[in-house]
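Chemist: Sending over data_21.pdb (PDB, C-alpha atoms).
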```pdb
MODEL        1
ATOM      1  CA  MET A  92      86.428  32.617  36.535
ATOM      2  CA  ILE A  93      86.536  29.959  33.850
ATOM      3  CA  CYS A  94      83.177  29.048  32.438
ATOM      4  CA  PRO A  95      82.274  25.319  32.834
ATOM      5  CA  ARG A  96      81.093  25.341  29.237
ATOM      6  CA  ARG A  97      84.568  26.447  28.129
ATOM      7  CA  ILE A  98      86.221  23.674  30.199
ATOM      8  CA  ALA A  99      83.864  21.153  28.591
ATOM      9  CA  GLY A 100      84.890  22.508  25.187
ATOM     10  CA  TRP A 101      88.598  22.103  25.969
ATOM     11  CA  LEU A 102      88.042  18.570  27.225
ATOM     12  CA  LEU A 103      86.067  17.707  24.093
ATOM     13  CA  GLY A 104      88.822  19.196  21.904
ATOM     14  CA  ALA A 105      91.541  17.320  23.805
ATOM     15  CA  SER A 106      89.670  14.026  23.521
ATOM     16  CA  LEU A 107      89.148  14.583  19.785
ATOM     17  CA  VAL A 108      92.872  15.261  19.298
ATOM     18  CA  ALA A 109      93.764  12.162  21.346
ATOM     19  CA  GLY A 110      91.358  10.101  19.265
ATOM     20  CA  CYS A 111      92.745  11.402  15.981
ATOM     21  CA  SER A 112      96.346  10.538  16.927
ATOM     22  CA  GLY A 113      95.481   6.826  16.725
ATOM     23  CA  ILE A 114      97.293   6.138  19.997
ATOM     24  CA  LYS A 115      95.322   4.208  22.584
ATOM     25  CA  THR A 116      96.291   3.017  26.029
ATOM     26  CA  TYR A 117      97.225  -0.659  26.177
ATOM     27  CA  PRO A 118      94.649  -2.474  28.326
ATOM     28  CA  ASP A 119      95.827  -3.430  31.796
ATOM     29  CA  ALA A 120      93.959  -6.733  31.761
ATOM     30  CA  MET A 121      96.449  -9.594  31.617
ATOM     31  CA  PRO A 122      98.823 -11.067  34.205
ATOM     32  CA  LYS A 123     101.961  -8.975  34.169
ATOM     33  CA  ASN A 124     104.806 -10.962  32.648
ATOM     34  CA  LEU A 125     106.947  -8.214  31.129
ATOM     35  CA  ASN A 126     108.883  -5.776  33.267
ATOM     36  CA  ILE A 127     110.338  -2.862  31.311
ATOM     37  CA  ARG A 128     113.114  -0.772  32.786
ATOM     38  CA  THR A 129     113.673   2.516  31.017
ATOM     39  CA  GLU A 130     116.533   4.953  31.194
ATOM     40  CA  ALA A 131     116.359   7.839  28.759
ATOM     41  CA  SER A 132     117.822  11.267  28.448
ATOM     42  CA  SER A 133     117.623  13.744  25.595
ATOM     43  CA  GLY A 134     121.075  15.066  26.498
ATOM     44  CA  SER A 135     119.919  18.652  26.256
ATOM     45  CA  ALA A 136     118.409  21.089  28.738
ATOM     46  CA  PHE A 137     116.033  22.202  25.991
ATOM     47  CA  GLY A 138     115.089  18.740  24.829
ATOM     48  CA  ARG A 139     112.585  16.149  25.855
ATOM     49  CA  MET A 140     112.728  12.410  25.307
ATOM     50  CA  ARG A 141     109.674  10.202  25.392
ATOM     51  CA  VAL A 142     109.852   6.429  25.311
ATOM     52  CA  ALA A 143     106.858   4.207  24.627
ATOM     53  CA  VAL A 144     106.126   0.645  23.651
ATOM     54  CA  HIS A 145     103.385  -0.127  21.146
ATOM     55  CA  ILE A 146     101.983  -3.648  21.380
ATOM     56  CA  HIS A 147     100.555  -5.445  18.353
ATOM     57  CA  GLN A 148      98.961  -8.848  18.160
ATOM     58  CA  VAL A 149     100.243 -11.063  15.328
ATOM     59  CA  ASP A 150      97.990 -13.627  13.663
ATOM     60  CA  ALA A 151      98.900 -16.872  11.874
ATOM     61  CA  ASN A 152      99.398 -14.955   8.620
ATOM     62  CA  CYS A 153     101.791 -12.520  10.295
ATOM     63  CA  ARG A 154      99.282  -9.706  10.106
ATOM     64  CA  THR A 155      99.528  -7.260  12.975
ATOM     65  CA  GLU A 156      96.715  -5.667  14.901
ATOM     66  CA  TYR A 157      97.532  -2.705  17.139
ATOM     67  CA  GLN A 158      96.488  -3.336  20.742
ATOM     68  CA  GLY A 159      97.671  -0.207  22.471
ATOM     69  CA  THR A 160     100.573   1.824  23.790
ATOM     70  CA  VAL A 161     102.277   2.047  27.157
ATOM     71  CA  GLN A 162     104.177   5.258  27.888
ATOM     72  CA  LEU A 163     107.420   4.372  29.617
ATOM     73  CA  ASN A 164     107.539   7.426  31.855
ATOM     74  CA  GLU A 165     108.594   5.565  34.976
ATOM     75  CA  PRO A 166     111.951   3.825  35.565
ATOM     76  CA  SER A 167     110.106   0.505  35.727
ATOM     77  CA  VAL A 168     106.739  -0.466  34.234
ATOM     78  CA  GLN A 169     105.055  -3.870  34.264
ATOM     79  CA  ILE A 170     102.693  -5.002  31.526
ATOM     80  CA  GLY A 171     100.949  -8.190  30.501
ATOM     81  CA  VAL A 172     101.619  -9.631  27.040
ATOM     82  CA  PRO A 173      99.561 -12.659  25.969
ATOM     83  CA  SER A 174     101.410 -15.945  26.578
ATOM     84  CA  ASP A 175     101.895 -18.665  23.974
ATOM     85  CA  ARG A 176     101.131 -16.447  21.051
ATOM     86  CA  LEU A 177     103.077 -14.013  18.948
ATOM     87  CA  SER A 178     103.185 -10.305  19.714
ATOM     88  CA  TYR A 179     105.026  -7.509  18.009
ATOM     89  CA  LEU A 180     106.595  -4.897  20.257
ATOM     90  CA  VAL A 181     107.645  -1.527  18.919
ATOM     91  CA  PHE A 182     109.747   0.592  21.266
ATOM     92  CA  SER A 183     109.780   4.218  20.142
ATOM     93  CA  PHE A 184     112.225   6.877  21.258
ATOM     94  CA  SER A 185     110.858  10.321  20.401
ATOM     95  CA  SER A 186     112.768  13.488  21.035
ATOM     96  CA  SER A 187     111.703  17.066  20.679
ATOM     97  CA  THR A 188     113.154  20.449  21.491
ATOM     98  CA  PHE A 189     111.384  23.279  23.236
ATOM     99  CA  LEU A 190     113.112  25.759  20.948
ATOM    100  CA  GLY A 191     113.221  25.456  17.184
ATOM    101  CA  GLY A 192     110.337  23.038  16.823
ATOM    102  CA  SER A 193     112.388  20.067  15.666
ATOM    103  CA  SER A 194     111.430  16.515  16.507
ATOM    104  CA  SER A 195     112.561  13.043  15.575
ATOM    105  CA  SER A 196     111.680   9.495  16.390
ATOM    106  CA  ILE A 197     113.436   6.177  16.064
ATOM    107  CA  SER A 198     112.033   2.764  16.847
ATOM    108  CA  TYR A 199     113.161  -0.740  17.715
ATOM    109  CA  GLU A 200     110.773  -3.510  16.732
ATOM    110  CA  THR A 201     110.819  -7.159  17.643
ATOM    111  CA  LEU A 202     108.553 -10.173  17.665
ATOM    112  CA  LEU A 203     108.041 -11.821  21.040
ATOM    113  CA  TRP A 204     106.479 -15.165  21.886
ATOM    114  CA  PRO A 205     106.137 -15.138  25.687
ATOM    115  CA  ARG A 206     106.003 -18.616  27.179
ATOM    116  CA  ALA A 207     103.501 -19.347  29.918
ATOM    117  CA  GLY A 208     105.073 -19.382  33.360
ATOM    118  CA  HIS A 209     108.089 -17.367  32.257
ATOM    119  CA  ALA A 210     108.964 -13.806  33.156
ATOM    120  CA  TYR A 211     110.396 -11.253  30.762
ATOM    121  CA  ASP A 212     112.616  -8.344  31.564
ATOM    122  CA  ALA A 213     113.244  -5.610  29.002
ATOM    123  CA  ARG A 214     115.720  -2.789  29.264
ATOM    124  CA  ALA A 215     115.204   0.234  27.029
ATOM    125  CA  SER A 216     117.830   2.931  27.155
ATOM    126  CA  TYR A 217     118.613   6.099  25.250
ATOM    127  CA  LYS A 218     121.653   8.156  26.106
ATOM    128  CA  ASP A 219     123.888  10.445  24.045
ATOM    129  CA  ASN A 220     121.856   9.579  20.924
ATOM    130  CA  ILE A 221     122.559   5.862  21.302
ATOM    131  CA  TYR A 222     119.672   3.550  22.054
ATOM    132  CA  HIS A 223     119.518  -0.048  23.162
ATOM    133  CA  VAL A 224     116.752  -2.523  23.826
ATOM    134  CA  GLU A 225     117.384  -5.922  25.355
ATOM    135  CA  ILE A 226     114.795  -8.491  26.380
ATOM    136  CA  ARG A 227     115.610 -11.381  28.682
ATOM    137  CA  GLU A 228     113.536 -14.412  29.528
ATOM    138  CA  THR A 229     113.708 -16.032  32.934
ATOM    139  CA  ASP A 230     112.189 -19.243  34.139
ATOM    140  CA  PRO A 231     111.238 -18.795  37.805
ATOM    141  CA  ARG A 232     112.348 -22.408  38.447
ATOM    142  CA  ARG A 233     115.858 -21.654  37.223
ATOM    143  CA  SER A 234     118.114 -18.802  38.143
ATOM    144  CA  ALA A 235     119.788 -18.163  34.791
ATOM    145  CA  GLY A 236     117.927 -16.414  32.037
ATOM    146  CA  ARG A 237     118.569 -15.960  28.372
ATOM    147  CA  THR A 238     118.593 -12.999  26.034
ATOM    148  CA  ILE A 239     115.815 -13.077  23.490
ATOM    149  CA  GLU A 240     117.161 -12.558  20.005
ATOM    150  CA  ARG A 241     115.535  -9.762  18.042
ATOM    151  CA  ARG A 242     113.181 -10.988  15.331
ATOM    152  CA  ARG A 243     111.804  -8.651  12.715
ATOM    153  CA  LEU A 244     108.314  -8.924  11.319
ATOM    154  CA  ASP A 245     109.551  -9.992   7.892
ATOM    155  CA  GLU A 246     111.142 -13.051   9.542
ATOM    156  CA  CYS A 247     107.653 -14.143  10.548
ATOM    157  CA  ARG A 248     106.513 -13.732   6.945
ATOM    158  CA  GLN A 249     109.537 -15.593   5.569
ATOM    159  CA  ARG A 250     108.786 -18.588   7.774
ATOM    160  CA  GLY A 251     105.265 -18.620   6.449
TER
ATOM    161  CA  MET B1457     108.465  25.146   0.650
ATOM    162  CA  ASN B1458     108.451  28.689  -0.771
ATOM    163  CA  MET B1459     109.715  29.647  -4.237
ATOM    164  CA  PRO B1460     112.789  31.740  -3.228
ATOM    165  CA  LEU B1461     114.046  28.837  -1.111
ATOM    166  CA  ILE B1462     113.519  26.370  -3.969
ATOM    167  CA  MET B1463     115.448  28.674  -6.308
ATOM    168  CA  THR B1464     118.279  28.999  -3.774
ATOM    169  CA  LEU B1465     118.504  25.224  -3.332
ATOM    170  CA  ALA B1466     118.425  24.699  -7.100
ATOM    171  CA  GLY B1467     121.218  27.243  -7.539
ATOM    172  CA  ALA B1468     123.286  25.627  -4.794
ATOM    173  CA  THR B1469     122.777  22.216  -6.386
ATOM    174  CA  VAL B1470     124.016  23.477  -9.757
ATOM    175  CA  LEU B1471     127.078  25.032  -8.082
ATOM    176  CA  LEU B1472     127.793  21.837  -6.152
ATOM    177  CA  CYS B1473     127.543  19.823  -9.356
ATOM    178  CA  GLY B1474     130.391  21.923 -10.647
ATOM    179  CA  CYS B1475     132.502  21.393  -7.511
ATOM    180  CA  VAL B1476     132.087  17.657  -6.980
ATOM    181  CA  THR B1477     132.929  15.691 -10.058
ATOM    182  CA  GLN B1478     132.522  12.194  -8.681
ATOM    183  CA  HIS B1479     132.001  10.277  -5.470
ATOM    184  CA  PRO B1480     133.796   7.049  -4.516
ATOM    185  CA  GLN B1481     132.070   4.058  -6.082
ATOM    186  CA  ASN B1482     133.369   1.481  -3.613
ATOM    187  CA  ALA B1483     134.985   1.243  -0.174
ATOM    188  CA  GLU B1484     138.522   1.137  -1.557
ATOM    189  CA  GLU B1485     137.985   4.356  -3.516
ATOM    190  CA  PHE B1486     136.552   5.888  -0.349
ATOM    191  CA  ARG B1487     139.698   4.959   1.620
ATOM    192  CA  LYS B1488     141.928   6.441  -1.074
ATOM    193  CA  MET B1489     139.907   9.630  -1.339
ATOM    194  CA  ALA B1490     139.926  10.328   2.406
ATOM    195  CA  PRO B1491     143.406  11.728   3.168
ATOM    196  CA  GLY B1492     143.214  15.470   2.675
ATOM    197  CA  ALA B1493     139.627  15.520   1.452
ATOM    198  CA  PHE B1494     137.435  18.432   2.515
ATOM    199  CA  MET B1495     135.272  17.740   5.624
ATOM    200  CA  VAL B1496     136.588  14.186   5.940
ATOM    201  CA  LYS B1497     138.476  12.827   8.951
ATOM    202  CA  VAL B1498     140.339   9.660   9.787
ATOM    203  CA  GLU B1499     140.172   8.436  13.382
ATOM    204  CA  THR B1500     142.365   5.677  14.779
ATOM    205  CA  HIS B1501     141.823   3.790  18.031
ATOM    206  CA  GLU B1502     143.572   0.880  19.663
ATOM    207  CA  VAL B1503     141.130  -1.737  20.916
ATOM    208  CA  ASN B1504     141.769  -4.560  23.384
ATOM    209  CA  ARG B1505     139.840  -7.140  21.387
ATOM    210  CA  SER B1506     140.803  -9.552  18.669
ATOM    211  CA  LEU B1507     139.965  -9.031  15.020
ATOM    212  CA  ARG B1508     137.634 -12.038  15.159
ATOM    213  CA  GLU B1509     135.681 -10.596  18.112
ATOM    214  CA  ILE B1510     135.338  -7.209  16.447
ATOM    215  CA  GLY B1511     134.202  -8.813  13.196
ATOM    216  CA  ALA B1512     131.600 -10.866  15.046
ATOM    217  CA  THR B1513     130.226  -7.763  16.781
ATOM    218  CA  PHE B1514     130.120  -5.805  13.505
ATOM    219  CA  ARG B1515     128.201  -8.719  11.951
ATOM    220  CA  ALA B1516     125.738  -8.817  14.834
ATOM    221  CA  ARG B1517     125.150  -5.120  15.377
ATOM    222  CA  ALA B1518     125.550  -3.360  12.023
ATOM    223  CA  PRO B1519     122.584  -4.976  10.207
ATOM    224  CA  GLU B1520     120.382  -4.593  13.274
ATOM    225  CA  CYS B1521     121.251  -0.961  13.903
ATOM    226  CA  MET B1522     121.923   0.467  10.479
ATOM    227  CA  ASN B1523     119.835  -1.399   7.968
ATOM    228  CA  MET B1524     116.996   1.079   8.135
ATOM    229  CA  ARG B1525     115.110   3.943   6.619
ATOM    230  CA  VAL B1526     115.040   7.260   8.485
ATOM    231  CA  THR B1527     112.645  10.127   7.935
ATOM    232  CA  THR B1528     113.640  13.550   9.217
ATOM    233  CA  THR B1529     111.413  16.566   9.147
ATOM    234  CA  SER B1530     112.499  20.130   9.627
ATOM    235  CA  GLN B1531     110.116  22.993   9.892
ATOM    236  CA  MET B1532     110.997  26.655   9.840
ATOM    237  CA  PRO B1533     108.984  29.738   9.042
ATOM    238  CA  GLY B1534     108.304  29.530   5.301
ATOM    239  CA  SER B1535     109.731  26.062   4.759
ATOM    240  CA  TYR B1536     108.953  22.456   5.490
ATOM    241  CA  GLN B1537     111.336  19.722   4.425
ATOM    242  CA  VAL B1538     111.064  15.955   4.593
ATOM    243  CA  ILE B1539     114.121  13.809   3.886
ATOM    244  CA  VAL B1540     113.913  10.034   3.635
ATOM    245  CA  SER B1541     117.281   8.278   3.877
ATOM    246  CA  ALA B1542     117.964   4.562   3.506
ATOM    247  CA  TYR B1543     121.098   3.263   5.218
ATOM    248  CA  LYS B1544     122.920   0.133   4.153
ATOM    249  CA  PRO B1545     125.704  -1.470   6.216
ATOM    250  CA  THR B1546     128.100  -4.038   4.752
ATOM    251  CA  VAL B1547     130.456  -6.136   6.866
ATOM    252  CA  VAL B1548     133.410  -7.966   5.340
ATOM    253  CA  VAL B1549     135.665 -10.043   7.598
ATOM    254  CA  THR B1550     138.913 -11.579   6.388
ATOM    255  CA  ASP B1551     142.124 -12.676   8.138
ATOM    256  CA  GLU B1552     143.597  -9.267   7.349
ATOM    257  CA  ARG B1553     140.820  -6.983   8.568
ATOM    258  CA  ALA B1554     137.206  -6.542   9.606
ATOM    259  CA  GLU B1555     135.436  -3.916   7.512
ATOM    260  CA  LEU B1556     132.221  -2.055   8.074
ATOM    261  CA  HIS B1557     130.928   0.144   5.250
ATOM    262  CA  VAL B1558     127.939   2.418   5.742
ATOM    263  CA  GLN B1559     126.146   3.735   2.671
ATOM    264  CA  ARG B1560     123.268   6.182   2.471
ATOM    265  CA  HIS B1561     120.760   6.712  -0.287
ATOM    266  CA  HIS B1562     118.353   9.643  -0.129
ATOM    267  CA  GLU B1563     114.975   8.402  -1.302
ATOM    268  CA  LYS B1564     113.302  11.752  -0.899
ATOM    269  CA  GLY B1565     114.276  15.362  -0.259
ATOM    270  CA  VAL B1566     117.876  15.410  -1.579
ATOM    271  CA  LEU B1567     119.085  15.300  -5.167
ATOM    272  CA  ALA B1568     121.902  12.971  -6.213
ATOM    273  CA  VAL B1569     124.302  15.274  -8.076
ATOM    274  CA  THR B1570     126.872  12.696  -9.124
ATOM    275  CA  LYS B1571     126.819   9.008 -10.004
ATOM    276  CA  GLU B1572     125.654   7.088  -6.941
ATOM    277  CA  PRO B1573     126.962   3.589  -6.238
ATOM    278  CA  GLU B1574     124.433   0.813  -5.726
ATOM    279  CA  GLY B1575     123.180   1.074  -2.134
ATOM    280  CA  GLY B1576     123.982   4.764  -1.830
ATOM    281  CA  TYR B1577     126.930   7.076  -1.346
ATOM    282  CA  TYR B1578     129.640   5.817   1.000
ATOM    283  CA  LEU B1579     129.305   7.628   4.316
ATOM    284  CA  ILE B1580     131.700   5.830   6.651
ATOM    285  CA  VAL B1581     134.242   3.044   6.262
ATOM    286  CA  ALA B1582     135.604   1.452   9.443
ATOM    287  CA  ASP B1583     138.443  -1.084   9.320
ATOM    288  CA  ALA B1584     139.881  -3.107  12.179
ATOM    289  CA  TYR B1585     143.403  -4.509  11.687
ATOM    290  CA  PRO B1586     145.105  -6.997  14.009
ATOM    291  CA  VAL B1587     147.912  -5.662  16.210
ATOM    292  CA  ASP B1588     148.426  -8.985  17.956
ATOM    293  CA  ALA B1589     146.237 -11.915  19.000
ATOM    294  CA  LYS B1590     144.256  -9.843  21.482
ATOM    295  CA  ARG B1591     144.491  -6.286  20.222
ATOM    296  CA  SER B1592     143.388  -4.464  17.095
ATOM    297  CA  ARG B1593     143.694  -1.067  15.498
ATOM    298  CA  LEU B1594     140.434   0.524  14.437
ATOM    299  CA  GLN B1595     140.416   3.120  11.676
ATOM    300  CA  ILE B1596     137.252   5.058  10.889
ATOM    301  CA  ILE B1597     136.980   7.286   7.831
ATOM    302  CA  GLY B1598     134.001   9.571   7.438
ATOM    303  CA  PRO B1599     132.607  13.083   7.659
ATOM    304  CA  SER B1600     134.396  15.385  10.074
ATOM    305  CA  LYS B1601     131.241  16.962  11.496
ATOM    306  CA  GLY B1602     127.723  15.896  12.374
ATOM    307  CA  TYR B1603     128.217  12.125  12.449
ATOM    308  CA  ASP B1604     129.791  11.718  15.884
ATOM    309  CA  VAL B1605     127.064   9.324  17.040
ATOM    310  CA  ILE B1606     127.984   6.770  14.334
ATOM    311  CA  TYR B1607     131.660   6.975  15.260
ATOM    312  CA  ARG B1608     130.804   6.409  18.942
ATOM    313  CA  ALA B1609     128.551   3.469  18.104
ATOM    314  CA  ILE B1610     131.235   1.794  15.962
ATOM    315  CA  ILE B1611     133.845   2.309  18.717
ATOM    316  CA  GLY B1612     131.350   0.869  21.246
ATOM    317  CA  TRP B1613     130.873  -2.236  19.075
ATOM    318  CA  ALA B1614     134.600  -2.637  18.464
ATOM    319  CA  THR B1615     135.466  -2.390  22.161
ATOM    320  CA  GLY B1616     132.386  -4.383  23.148
ATOM    321  CA  LYS B1617     131.604  -1.776  25.812
ATOM    322  CA  ASN B1618     128.410  -0.377  24.261
ATOM    323  CA  LEU B1619     126.287  -2.431  21.884
ATOM    324  CA  GLY B1620     123.634   0.246  21.432
ATOM    325  CA  CYS B1621     122.471   1.592  18.087
ATOM    326  CA  PRO B1622     123.135   5.117  16.852
ATOM    327  CA  ASP B1623     120.049   7.273  16.448
ATOM    328  CA  LEU B1624     120.395   7.892  12.719
ATOM    329  CA  ALA B1625     117.772  10.622  12.910
ATOM    330  CA  LYS B1626     120.324  12.724  14.804
ATOM    331  CA  ILE B1627     123.084  12.884  12.240
ATOM    332  CA  GLY B1628     124.072  15.210   9.471
TER
ENDMDL
END
```
Kindly return the structure encoded in the file as C-alpha cells.

Modeler:
Amino acid sequence: MICPRRIAGWLLGASLVAGCSGIKTYPDAMPKNLNIRTEASSGSAFGRMRVAVHIHQVDANCRTEYQGTVQLNEPSVQIGVPSDRLSYLVFSFSSSTFLGGSSSSISYETLLWPRAGHAYDARASYKDNIYHVEIRETDPRRSAGRTIERRRLDECRQRG
Amino acid sequence: MNMPLIMTLAGATVLLCGCVTQHPQNAEEFRKMAPGAFMVKVETHEVNRSLREIGATFRARAPECMNMRVTTTSQMPGSYQVIVSAYKPTVVVTDERAELHVQRHHEKGVLAVTKEPEGGYYLIVADAYPVDAKRSRLQIIGPSKGYDVIYRAIIGWATGKNLGCPDLAKIG
C-alpha cells in the first residue's frame, strides 16, 4: 500500500517541477473569441507531437507579458483573447521520441489585435515535418472572412 | 562533451579541411558546382503555375518560413551537443526565372572550415523557369540526404498546394 505521506511528497515534487518550468495555464476568464483547430502528427510510431499556444499581452511600448499557455490536445479548443488590444500568440510544435531521447521544437509567432464583436478561427497543423498556422477573422454580420496577415513582434517595435 | 569525442571531432575537422578546399560563394557558383558533386542532387519538376505566381509565393513564404534561427540539441551517453543555425532565404524574380536561395550559418556548435559567404553557406538553390504562360519547370539543387522536408516545402509553394513551413529542426 502506498503511504499517503509518499503521495503528498510526489504531488509536492510535481508541483515544484511544474512551477519551475515557467509554464502556466492561460486563464479561462474572457469571452471566447478564438477557436483553434489543431491537426498534428509526429509521423512516427515512436514519436510524440505536442502543440500549444502561449499568449502574451503587448503594451504600448511593444513589451510582452506572458499570460499563460493553452495545450492544444483536442481537435478544437476555444479561448478568449482580449479585444481591442494587442496580443502576441506563440504556437509551439514540440516533438519528442520515446527512444533515443531526442526532442525539438519550432514555433510560429504573430501579433493579433482582435476586434470586439468579431470571431477568430485559427488552424494549426503539423504533418510530415511541415507546419502551418492560419488565422481568419469573421464578422458575424457578414459571411465572408479574411485571413489575418502574420505580424512579427519587431514590426510592432518598428512602428513605434 | 567528453575529451575523446572532442579529439575525434577535431581530427575529423582537420581531415575535412584537407578534403574541401572551398565552398560556393554565390548562387551561380552553387549551380555550377552541383552536377557530379558528392552528396548533391538536382531535382526537376514540372509545375502547372506561371513563373509570376511561383515568384509571388516564394516571396510570401520563404521569408516567413526560413528567416529564422534554429537550436537543436542532441544528447547521448557521454555527450551533449547544442547547434545554433541561422537560415537566410533570398528570392530573386526576373522575367527569366524565379530563384530561391537558402543559406545557413552555424552560430554555435559547428566550425566553419572554409571561407563562408555572407549569410552562410549555400544549402539549396531552387529555380523556376517558364515553360509557357501557365507552366514552369522547377529545378532544386541541394543535399541528397536529410533535407527532404525543405524540398517538399519548396515544391508545395511552387505548386501552391501546400503553403506550410518546413520544420528546420528536422533537417540534416

Chemist: How many Å separate atom CA of Arg1515 of chain B from atom CA of Thr155 of chain A?

Modeler: 28.7 Å

Chemist: Using the chain letters and numbering of this document, enumerate as an mmCIF file with C-alpha atoms, keeping the file's coordinate frame the residues selected by the PyMOL selection byres ((chain B and resi 1607) around 9).

Modeler:
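Heads up, here's the output in out-v2.cif:
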```
data_model
loop_
_atom_site.group_PDB
_atom_site.id
_atom_site.type_symbol
_atom_site.label_atom_id
_atom_site.label_comp_id
_atom_site.auth_asym_id
_atom_site.auth_seq_id
_atom_site.Cartn_x
_atom_site.Cartn_y
_atom_site.Cartn_z
ATOM 1 C CA GLU B 1499 140.172 8.436 13.382
ATOM 2 C CA ILE B 1580 131.700 5.830 6.651
ATOM 3 C CA ALA B 1582 135.604 1.452 9.443
ATOM 4 C CA ILE B 1596 137.252 5.058 10.889
ATOM 5 C CA GLY B 1598 134.001 9.571 7.438
ATOM 6 C CA TYR B 1603 128.217 12.125 12.449
ATOM 7 C CA ASP B 1604 129.791 11.718 15.884
ATOM 8 C CA VAL B 1605 127.064 9.324 17.040
ATOM 9 C CA ILE B 1606 127.984 6.770 14.334
ATOM 10 C CA ARG B 1608 130.804 6.409 18.942
ATOM 11 C CA ALA B 1609 128.551 3.469 18.104
ATOM 12 C CA ILE B 1610 131.235 1.794 15.962
ATOM 13 C CA ILE B 1611 133.845 2.309 18.717
ATOM 14 C CA GLY B 1612 131.350 0.869 21.246
ATOM 15 C CA PRO B 1622 123.135 5.117 16.852
#
```

Chemist: Excluding segment 232-240 of chain A and residues on its chain fewer than 2 positions from it, collect all residues at most 12 Å away from it, counting all atoms listed in the file, and give them as a list in words.

Modeler: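 The residues that qualify are Glu200, Thr201, Leu202, Leu203, Trp204, Pro205, Arg206, Gly208, His209, Ala210, Tyr211, Asp212, Ala213, Arg214, Val224, Glu225, Ile226, Arg227, Glu228, Thr229, Asp230, Arg242 and Arg243 of chain A; Ala1516, Arg1517 and Glu1520 of chain B.
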
Chemist: The PyMOL selection byres ((chain A and resi 151) around 12) on the file shown: which residues, as a ChimeraX atom specification?

Modeler: /A:148-150,152-156,176-178,247-248,250-251

Chemist: Quote the spacing between atom CA of Glu1509 of chain B and atom CA of Val1558 of chain B in Å to one decimal place.

Modeler: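 Going from atom CA of Glu1509 of chain B over to atom CA of Val1558 of chain B, I get 19.6 Å.
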
Chemist: Please expand the PyMOL selection byres ((chain B) within 8 of (chain A)) into the concrete residues it hits in this file, giving the result as a PyMOL selection string.

Modeler: chain B and resi 1526+1528-1532+1605+1609+1619-1626

Chemist: Residues within 12 Å of (134.4, -9.9, 17.1), file coordinates, counting all atoms listed in the file: what are they? Give the list as a count of residues only.

Modeler: 33

Chemist: Atom CA of Phe182 of chain A to atom CA of Val144 of chain A: how many Å, to one decimal?

Modeler: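 Taking atom CA of Phe182 of chain A and atom CA of Val144 of chain A, their separation equals 4.3 Å.
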
Chemist: Which residues are near His1562 of chain B? Cut-off 10 Å, all atoms listed in the file, ignore same chain within fewer than 2 positions. Put them as a list in words.

Modeler: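 The residues that qualify are Arg1525, Val1526, Thr1527, Ile1539, Val1540, Ser1541, Ala1542, Tyr1543, Arg1560, Lys1564, Gly1565, Val1566, Leu1567, Ala1568, Gly1576 and Tyr1577 of chain B.
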